[in-house]
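**Student:** Handing you this structure, nothing more for now.
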Amino acid sequence: MTGKVWLVGAGPGDAGLITVKGKAVLEAADVVVHDRLVGDGIRAFIPTWARCIDVGKEAGHHPVPQEKIQQLLIQEARRGQRVVRLKGGDPFLFGRGAEELEALKAAGIPCEVVPGVTSAVAAATYAGIPVTHRDYASSVHIITAHAKAGGEININFKALAQLEGTLVFLMGLTALPRLCQGLIAAGMFPDTPAAVIERGTTARQRRVDGTLATLAEKAQKQQVAPPALIVVGQVVQPKQEWNWLEALPLFGQRVLVTRAEDKAEELAAMLRALGAEVLVFPCIATQLLEPVLPPLSCYNWAVFTSPTGVDCFFALLKKQRVDIRTLALAKVAAVGASTGAALERRGLRVDVVPEVYDGVHLAEAMLAQMNQGDSVLIPRAEKGALGLVDRLRAKGMIVDELPVYRTVYTQGNWQPTDIDLALFTSASTVHGFARACLGAKVRAICIGKQTAAAAKSLGWKVKVAQEATLAALVKATEEEANHDN
């Protein structure tokens with residue numbers, strides 16, 4: 001049976017700029033054939049079972065010729081695979097997507113194109129340059145400055161010089177002197193504002209401003225490197241009001257989130273809102289266990305030590321058709337605010353949350369409200385910390401631990417590099433990262449003392465959040481980032 005090929009635009013770099021459709025297609029792929037400009041944040045969406053094939057090109061170096069890429073897509077589709085051809089930016093904007101589509105159609109391969117956000121607009125926007133503005137430019141013109149092998153760039157400078165809109169040149173860094181000279185020779189004023197944007201929409205974004213007369217020299221002095229785009233026109237204004245990204249507190253920070261995939265997005269969204277480039281690298285996953293639930297009505301207390309424990313407990317109730325009302329006479333305790341919030345979303349009011357979010361302090365807070373011989377049910381991970389249970393049993397309480405889930409280590413099909421800060425929400429995420437990235441050293445932001453101890457044992461530099469909450473973890477990330485500035 002013949003498979004199908006999707007030509008998917010990955011966007012300009014920021015993982016948040018891939019389209020909803022593009023992400024959905026990518027997450028269902030069997031084979032992903034990707035370009036060099038597809039960043040780690042996008043590659044994190046590739047499922048672990050998918051086979052990744054790097055066909056990246058750069059100036060003067062094409063390790064996989066275009067014709068071979070097209071044959072590869074056809075070959076994989078004929079094997080019945082769901083193939084994603086993942087391209088930086090948009091597939092049809094200087095991406096040779098049309099050529100690939102023609103080859104697929106000629107071979108009788110079902111195919112679909114998923115447009116992507118182009119860096120020509122997005123990178124300029126992230127750098128504080130609106131490509132159109134009522135007071136400065138009513139049109140935008142996108143030009144490739146990349147020549148075919150052995151040829152000169154084919155640009156009608158005279159026509160461009162007569163336009164009153166914004167000019168955006170892609171793949172033009174090596175040709176920057178010729179571009180500036182060509183526009184000036186064609187009649188544009190030497191003092192026309194111009195800028196180069198390096199690695200737009202990422203944490204390593206850099207903007208160099210100048211004019212047509214000065215930009216090439218400035219870019220060379222500041223060692224601007226590809227990928228970069230060039231913007232020419234009156235919209236290149238150093239206006240503070242347009243500089244929205246660099247004003248955010250985590251701009252310039254490349255932050256790794258290591259939580260389980262189904263838990264990562266909330267934290268990632270909080271970090272992105274503060275300007276960070278977020279890479280989601282799940283180091284653990286949850287496996288639901290299926291112990292037979294005991295009669296819940298016999299317990300005086302139900303104690304929850306993690307939001308995952310809450311989710312898995314309620315999943316078991318549903319699976320075994322047990323009515324939560326059988327727990328009606330029991331008091332409910334939670335180790336922290338996040339766990340308490342997870343319970344309250346399920347309709348359970350929490351009676352006890354300790355001021356310090358750990359097992360020992362939870363036990364102390366419970367003991368203040370307990371009677372001798374109270375029975376306690378603790379739905380928890382297969383391997384849980386002993387402090388809570390030991391303390392309650394020492395005081396004469398009857399404690400039943402109910403393992404409802406198992407934490408397993410996972411490893412994706414890419415390796416994170418060039419990370420500024422890595423966030424860890426449990427000791428298991430630390431151990432999972434260490435297994436997935438052998439020998440890696442990171443600056444770790446940890447949610448609690450046990451997590452921090454695991455990170456310190458690996459020789460990492462560690463900062464601990466004031467509380468065991470995501471909000472406190474994000475605040476600690478801000479503090480650590482600002483410490484460098």
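Each chain of the structure tokens is named A, B, ... in the order shown, its residues numbered from 1; ligands are numbered from 1 in display order.
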Name the residues in contact with region 76-87 of chain A at a cut-off of 9 Å, using only C-alpha atoms, excluding same-chain residues fewer than 2 positions from it; report them as a PyMOL selection string.

**Tutor:** chain A and resi 1-11+25-26+28-38+71-74+89-91+95+97+109-110+116

**Student:** Quick one: write out the picked residues with N, CA and C atoms as a short mmCIF file (atom, residue, chain, number, x, y, z; two decimals), in the first residue's frame?

**Tutor:**
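Output saved as out_15.cif:
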data_model
loop_
_atom_site.label_atom_id
_atom_site.label_comp_id
_atom_site.auth_asym_id
_atom_site.auth_seq_id
_atom_site.Cartn_x
_atom_site.Cartn_y
_atom_site.Cartn_z
N MET A 1 0.84 -1.19 0.00
CA MET A 1 0.00 0.00 0.00
C MET A 1 0.88 1.25 0.00
N THR A 2 0.56 2.20 -0.88
CA THR A 2 1.33 3.43 -0.97
C THR A 2 1.01 4.35 0.20
N GLY A 3 2.04 4.96 0.76
CA GLY A 3 1.84 5.91 1.84
C GLY A 3 1.53 7.30 1.31
N LYS A 4 1.95 8.29 2.04
CA LYS A 4 1.64 9.68 1.67
C LYS A 4 2.78 10.57 2.14
N VAL A 5 2.97 11.68 1.42
CA VAL A 5 4.00 12.65 1.78
C VAL A 5 3.34 14.00 2.08
N TRP A 6 3.76 14.59 3.19
CA TRP A 6 3.34 15.95 3.53
C TRP A 6 4.56 16.86 3.45
N LEU A 7 4.46 17.95 2.70
CA LEU A 7 5.50 18.98 2.70
C LEU A 7 5.10 20.01 3.75
N VAL A 8 5.82 20.03 4.86
CA VAL A 8 5.42 20.82 6.02
C VAL A 8 6.40 21.96 6.27
N GLY A 9 5.87 23.16 6.39
CA GLY A 9 6.69 24.31 6.77
C GLY A 9 6.88 24.34 8.27
N ALA A 10 8.14 24.29 8.72
CA ALA A 10 8.44 24.25 10.16
C ALA A 10 8.45 25.63 10.79
N GLY A 11 8.37 26.69 9.96
CA GLY A 11 8.46 28.04 10.51
C GLY A 11 9.90 28.49 10.64
N VAL A 25 0.48 16.85 11.92
CA VAL A 25 1.02 15.96 10.89
C VAL A 25 2.36 15.39 11.34
N LEU A 26 3.21 16.25 11.90
CA LEU A 26 4.53 15.82 12.33
C LEU A 26 4.45 14.78 13.43
N ALA A 28 2.38 12.53 13.83
CA ALA A 28 1.89 11.24 13.35
C ALA A 28 2.80 10.62 12.29
N ALA A 29 4.00 11.18 12.12
CA ALA A 29 4.89 10.74 11.04
C ALA A 29 5.57 9.41 11.36
N ASP A 30 5.84 8.64 10.29
CA ASP A 30 6.69 7.46 10.39
C ASP A 30 8.13 7.79 10.01
N VAL A 31 8.28 8.68 9.03
CA VAL A 31 9.59 9.10 8.54
C VAL A 31 9.58 10.62 8.42
N VAL A 32 10.66 11.27 8.89
CA VAL A 32 10.78 12.72 8.77
C VAL A 32 12.08 13.04 8.05
N VAL A 33 11.95 13.71 6.92
CA VAL A 33 13.10 14.13 6.12
C VAL A 33 13.23 15.63 6.34
N HIS A 34 14.28 16.06 7.07
CA HIS A 34 14.30 17.45 7.53
C HIS A 34 15.53 18.22 7.04
N ASP A 35 15.37 19.55 7.04
CA ASP A 35 16.42 20.47 6.63
C ASP A 35 17.30 20.85 7.81
N ARG A 36 18.41 21.49 7.47
CA ARG A 36 19.35 21.97 8.50
C ARG A 36 18.73 23.05 9.39
N LEU A 37 17.86 23.88 8.82
CA LEU A 37 17.32 25.01 9.56
C LEU A 37 16.14 24.65 10.47
N VAL A 38 15.77 23.39 10.51
CA VAL A 38 14.73 22.96 11.43
C VAL A 38 15.34 22.81 12.82
N GLN A 71 13.77 11.42 -4.70
CA GLN A 71 13.70 9.97 -4.81
C GLN A 71 13.49 9.31 -3.45
N LEU A 72 14.10 9.88 -2.43
CA LEU A 72 13.94 9.37 -1.07
C LEU A 72 12.49 9.46 -0.62
N LEU A 73 11.85 10.59 -0.88
CA LEU A 73 10.44 10.78 -0.51
C LEU A 73 9.56 9.75 -1.22
N ILE A 74 9.81 9.56 -2.50
CA ILE A 74 9.03 8.60 -3.29
C ILE A 74 9.24 7.19 -2.77
N GLY A 89 10.82 27.49 7.49
CA GLY A 89 9.97 28.51 6.90
C GLY A 89 8.75 27.92 6.23
N ASP A 90 8.54 28.30 4.96
CA ASP A 90 7.40 27.82 4.18
C ASP A 90 7.91 26.99 3.00
N PRO A 91 7.27 25.86 2.68
CA PRO A 91 7.79 24.99 1.62
C PRO A 91 7.88 25.64 0.25
N GLY A 95 11.92 27.38 -1.08
CA GLY A 95 12.20 26.12 -0.41
C GLY A 95 12.21 24.91 -1.32
N GLY A 97 9.90 23.50 -2.61
CA GLY A 97 8.76 22.63 -2.35
C GLY A 97 7.99 22.30 -3.61
N ILE A 109 2.41 9.66 -6.15
CA ILE A 109 2.41 9.61 -4.69
C ILE A 109 1.42 10.61 -4.13
N PRO A 110 0.48 10.20 -3.27
CA PRO A 110 -0.42 11.15 -2.62
C PRO A 110 0.39 12.14 -1.77
N GLY A 116 3.91 27.17 6.03
CA GLY A 116 4.59 27.53 7.27
C GLY A 116 4.80 29.04 7.37
#

**Student:** Among the residues of region 124-342 of chain A, find those DSSP assigns to alpha helix (DSSP H) from the backbone and print them as a count of residues only.

**Tutor:** 57

**Student:** Write out as a PyMOL selection string the residues lying within 9 Å of region 281-291 of chain A, counting only C-alpha atoms and excluding same-chain residues fewer than 2 positions away.

**Tutor:** chain A and resi 41+44+256-262+264+279+293-294+308+312+315-316+319+382+402-412+414-416+428-436

**Student:** Using the chain letters and numbers from this document, which residues of region 130-287 of chain A does DSSP assign to strand (DSSP E or B), as a PyMOL selection string?

**Tutor:** chain A and resi 133+137+140-144+166-170+193-198+206-211+228-232+254-257+277-280+284-287

**Student:** CA of Leu470 (chain A) to CA of Glu265 (chain A): how many Å, to one decimal?

**Tutor:**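 That distance, rounded to one decimal, is 11.6 Å.
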
**Student:** Counting only C-alpha atoms, figure out which residue out of A:Ala124, A:Ala481, A:Ala381, A:Leu183 gets nearest to Gly252 (chain A).

**Tutor:**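 So, comparing all the options, the nearest one is A:Ala481.
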
**Student:** Of the candidates A:Arg325, A:Lys218, A:Lys449, A:His133, which shows the shortest atom-to-atom distance to Asp358 (chain A), using only C-alpha atoms?

**Tutor:**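 Looking at the shortest contact to Asp358 (chain A), the residue is A:Lys449.
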
**Student:** For Gln205 (chain A), please output as a list of chain:residue names all residues within 9 Å (counting only C-alpha atoms; exclusion window: fewer than 5 positions along the same chain).

**Tutor:**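 Here the qualifying residues turn out to be A:Ala123, A:Tyr126, A:Ala127, A:Ile197, A:Glu198, A:Arg199, A:Gly200, A:Gly252.
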
**Student:** Can I get the selection written as a PDB file, in the first residue's frame, with C-alpha atoms?

**Tutor:**
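File produced: selection.pdb:
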ATOM      1  CA  ALA A 123      12.172  37.215  12.102  1.00  0.00           C
ATOM      2  CA  TYR A 126      10.671  39.349  16.477  1.00  0.00           C
ATOM      3  CA  ALA A 127      13.464  41.876  15.893  1.00  0.00           C
ATOM      4  CA  ILE A 197      18.797  39.726  11.651  1.00  0.00           C
ATOM      5  CA  GLU A 198      20.746  36.646  12.688  1.00  0.00           C
ATOM      6  CA  ARG A 199      18.951  33.490  13.893  1.00  0.00           C
ATOM      7  CA  GLY A 200      15.621  35.258  14.046  1.00  0.00           C
ATOM      8  CA  GLY A 252      17.964  35.335  24.990  1.00  0.00           C
TER       9      GLY A 252
END

**Student:** Identify which of the residues A:Val55, A:Val121, A:Leu392, A:Cys298 lies closest to Phe169 (chain A), counting only C-alpha atoms when measuring atom-to-atom distances.

**Tutor:**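 Of A:Val55, A:Val121, A:Leu392, A:Cys298, the one nearest Phe169 (chain A) is A:Val121, counting only C-alpha atoms.
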
**Student:** What does the structure give for the distance between CA of His361 (chain A) and CA of Gly347 (chain A), in Å to one decimal?

**Tutor:** 24.5 Å

**Student:** Quick one: everything within 12 Å of Ala228 (chain A), counting only C-alpha atoms, minus sequence neighbours fewer than 5 positions away in the same chain. Send it as a count of residues only.

**Tutor:** 34

**Student:** Which one is closest to Lys158 (chain A): A:Val20, A:Ala273, A:Leu179, A:Ala185? Count only C-alpha atoms.

**Tutor:**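 Closest residue, counting only C-alpha atoms: A:Ala185.
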
**Student:** Write out as a ChimeraX atom specification the residues lying within 7 Å of Val399 (chain A), counting only C-alpha atoms and excluding same-chain residues fewer than 4 positions away.

**Tutor:** /A:375-377,389,393

**Student:** Would you put the residues from that selection into a file with C-alpha atoms, as a PDB file, in the first residue's frame?

**Tutor:**
ATOM      1  CA  SER A 375      -6.010   4.435  58.605  1.00  0.00           C
ATOM      2  CA  VAL A 376      -4.328   6.143  55.667  1.00  0.00           C
ATOM      3  CA  LEU A 377      -4.393   5.401  51.949  1.00  0.00           C
ATOM      4  CA  VAL A 389       5.150   6.795  55.522  1.00  0.00           C
ATOM      5  CA  ARG A 393       3.752   4.668  61.111  1.00  0.00           C
TER       6      ARG A 393
END

**Student:** By how many Å are CA of Trp460 (chain A) and CA of Thr339 (chain A) apart?

**Tutor:** 27.8 Å
